[in-house]
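Asker: Dropping the structure in here first, questions after.
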Amino acid sequence: MSRPEDPPLRVDVAGGVATVTIDRPAARNAYSYAVERAWHDALDAADADPDIRCVVLTATGDAFCPGFDPEAMAAAVVHGADTAGRSDRPFHHAVTRSVPVIGAINGACAGVGLALALTCDIRVAAAEARFSTAFAPLGLPAERGSSWLLPRIVGHSRALELMLTARSFDAAEARAIGLVHDVTPRADLPRHAAALAARLVARGSPAALATIKRQLYRDWTVALRESTRQANADLELLVAGPDFRRAMRARADGTYADFTPSTRPQEDS
């Protein structure tokens, strides 16, 4: 059973970065299908806007996303799983978008919230954040692609341990196992994530960033020979494009290229 609420996300755009904030303080930013649909809409809007070069996903307050909405979970005991409100796009929609996505994990991140964080390309965390897979004690499977993503991020054996024990662990351990890439005090997290996003905007060719992102996810499922073949095709395409020429001219002048307007290719899958 869902409850009426204000829009579950805020989107703020500045300096080529769209900052998307889960904003359900009364529910501690618990996941809902409204959050899912709004998140996917925000991703599509960012990917379609050539002026947006990076997306940052975070949340308000001291919780990132501690799992699925407890009211919906309680209703599932009586009525079974209700999936009618899900987005018509895959849960891992962020992975399929061209624009890089940074997850700024400001607090509790568990269950489907952890699955959501795994779909971000880069993850940074507040020192106060805590993590858990959370599924096994609830009698649930590893949800929403987390059984595919987590082993590829932290390794198969570590993923099994985290999934089977569902133990809580802190941001320092999350960094040590490669789940997050950096840790900073919560008060500094927005500035830290913004600086990382600004670096991507300032230094990265949009076409190159989109291609590299696509390559890295694609290459999880192809052989080395096929990866090399496709990389050669990507190389020919980008060398013939405007960003490479801009970069070479800037390099000759001892400066960094200005990649505005964006030349990011658009992906539909």
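By order in the structure tokens, chains are A, B, ...; within a chain, residues start at 1; ligands start at 1, following the order shown.
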Which residues, written as a PDB file with N, CA and C atoms, in the first residue's frame, have at least one atom at most 7 Å from range 40-46 of chain A, with only C-alpha atoms counted and residues fewer than 6 positions away on the same chain left out?

Answerer:
```
ATOM      1  N   ALA A  18      23.975  17.200 -13.001  1.00  0.00           N
ATOM      2  CA  ALA A  18      22.639  17.049 -12.438  1.00  0.00           C
ATOM      3  C   ALA A  18      22.757  16.283 -11.121  1.00  0.00           C
ATOM      4  N   ILE A  52      24.347  18.489 -19.850  1.00  0.00           N
ATOM      5  CA  ILE A  52      24.589  17.724 -18.623  1.00  0.00           C
ATOM      6  C   ILE A  52      25.638  16.667 -18.922  1.00  0.00           C
ATOM      7  N   HIS A  93      19.014   0.853 -15.024  1.00  0.00           N
ATOM      8  CA  HIS A  93      18.929   1.832 -16.107  1.00  0.00           C
ATOM      9  C   HIS A  93      20.150   2.746 -16.143  1.00  0.00           C
ATOM     10  N   ALA A  94      20.694   3.087 -14.979  1.00  0.00           N
ATOM     11  CA  ALA A  94      21.858   3.981 -14.929  1.00  0.00           C
ATOM     12  C   ALA A  94      23.039   3.392 -15.694  1.00  0.00           C
TER      13      ALA A  94
END
```

Asker: Can you tell me which residues surround Pro90 in chain A at a distance of at most 10 Å, considering only C-alpha atoms, apart from same-chain residues fewer than 6 positions away, and format the answer as a count of residues only?

Answerer: 5

Asker: So that I can check the surroundings of Ala63 in chain A, please list as a VMD selection string every protein, DNA and RNA residue that reaches within 7 Å of it, counting only C-alpha atoms and ignoring chain neighbours fewer than 6 positions away.

Answerer: chain A and resid 28 to 29 106 to 108

Asker: Please indicate the distance in Å from CA of Arg97 in chain A to CA of Leu118 in chain A, rounded to one decimal place.

Answerer: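 Taking CA of Arg97 in chain A and CA of Leu118 in chain A, their separation equals 14.4 Å.
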
Asker: With distances taken over only C-alpha atoms, which residue among A:Asp23, A:Glu128, A:Asp69, A:Asp258 lies nearest Phe244 in chain A?

Answerer: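 Going through A:Asp23, A:Glu128, A:Asp69, A:Asp258 one by one, the smallest distance to Phe244 in chain A is for A:Asp258.
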
Asker: Could you pull out the alpha helix (DSSP H) residues of range 48-268 of chain A from DSSP and send them as a count of residues only?

Answerer: 102
